[in-house]
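This report refers to the structure that appears directly beneath it.
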Amino acid sequence: MDRDALKSLQAPLKQRYQANPEAAIAELHATGIVDFSALNCRVPIPANDGTEIIAGLHPLAGGNGSEACSGDMLLQALVTCAGTTMAVVATALGLEIREAHIDAIGSMDFRGTLGVDRTVPVGFTSIALRFYITSDVPAEHLDKLIQLTERYCVVLQTLLHAVPVSTIRVT
């Protein structure tokens with residue numbers, strides 16, 4: 001998609017949201033089906049072909065590595081969001097990027113997850129996002145591309161600002 005096509009696609013949405021801010025609010029939804037016998041959770045992906053992701057225990061928590069790890073999936077969500085955002089921003093800025101890939105590296109101590117040591121946090125203690133870009137675009141433009149990618153990446157901003165999360169048992 002080129003810059004003009006992107007603008008044509010998004011212009012009516014931007015106008016609608018400026019005129020009616022409530023129209024821009026959406027609730028995204030994911031559903032997981034828990035399999036207690038296999039110690040995993042299946043998540044359908046309706047936007048694709050309905051295939052399910054099966055997520056289970058990471059090998060350091062007792063898994064055998066044959067199922068997706070939810071920690072890896074969090075990093076994958078970060079990478080896919082940053083990559084999509086980068087593509088849109090580069091297109092909007094008219095930047096010619098030959099190739100780009102993004103790595104997300106998260107560190108965690110499984111002693112927290114397994115309850116071995118209650119002083120060890122459960123979950124990631126750090127995440128690094130690395131951008132590898134092949135382009136003839138000047139470095140300052142690539143820096144601006146990354147800065148805007150960081151600013152508009154939904155998953156990154158959600159992680160950075162630690163939004164409130166509630167848990168509710170529904171009967």
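So you can find residues: chains in the structure tokens are A, B, ... in the order shown, residues in each start at 1, and ligands are numbered from 1 in order.
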Could you produce a table of the residues of range 45-120 of chain A lying within 12 Å of range 6-10 of chain A, with the nearest pair of atoms per residue and their separation in Å rounded to one decimal, using only C-alpha atoms, ordered by chain and increasing residue number, as CSV?
```
residue,atom,partner,partner_atom,distance
A:Ala87,CA,A:Leu6,CA,10.7
A:Val88,CA,A:Leu6,CA,7.9
A:Val89,CA,A:Leu6,CA,10.0
A:Ala90,CA,A:Leu6,CA,10.8
A:Thr91,CA,A:Leu6,CA,7.5
A:Ala92,CA,A:Leu6,CA,7.1
A:Leu93,CA,A:Leu6,CA,10.7
A:Gly94,CA,A:Leu6,CA,10.7
```
Surrounding residues of Ile97 in chain A excluding itself and chain neighbours under 5 positions, 9 Å, only C-alpha atoms, as a count of residues only: 7
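DSSP, applied to the backbone of this structure, assigns strand (DSSP E) to the following residues of range 101-169 of chain A: A:His101, A:Ile102, A:Asp103, A:Ala104, A:Ile105, A:Gly106, A:Ser107, A:Met108, A:Phe124, A:Thr125, A:Ser126, A:Ile127, A:Ala128, A:Leu129, A:Arg130, A:Phe131, A:Tyr132, A:Ile133, A:Thr134.
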Residues within 12 Å of His101 in chain A, please, as an MDAnalysis selection string. Count only C-alpha atoms; anything in the same chain fewer than 3 positions from it doesn't count. chainID A and resid 79:80 82:84 86:87 97:98 104 129:134
Which residues come within 10 Å of Ser70 in chain A, counting only C-alpha atoms, excluding same-chain residues fewer than 2 positions away, as a list in words?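 The contact residues come out as Cys41, Ile54, Ala55, Gly56, Leu57, His58, Glu67, Ala68, Asp72, Met73, Leu74, Leu75 and Gln76 of chain A.
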Exercise: Thr85 in chain A partners within 12 Å, only C-alpha atoms, chain neighbours under 4 positions left out, as an MDAnalysis selection string: chainID A and resid 77:81 89:92 102 145:157
Between A:Glu22, A:Ile45, A:Leu95, A:Leu13, which has the minimum distance to Lys144 in chain A (counting only C-alpha atoms)?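 Of the candidates, the smallest distance to Lys144 in chain A is held by A:Leu95.
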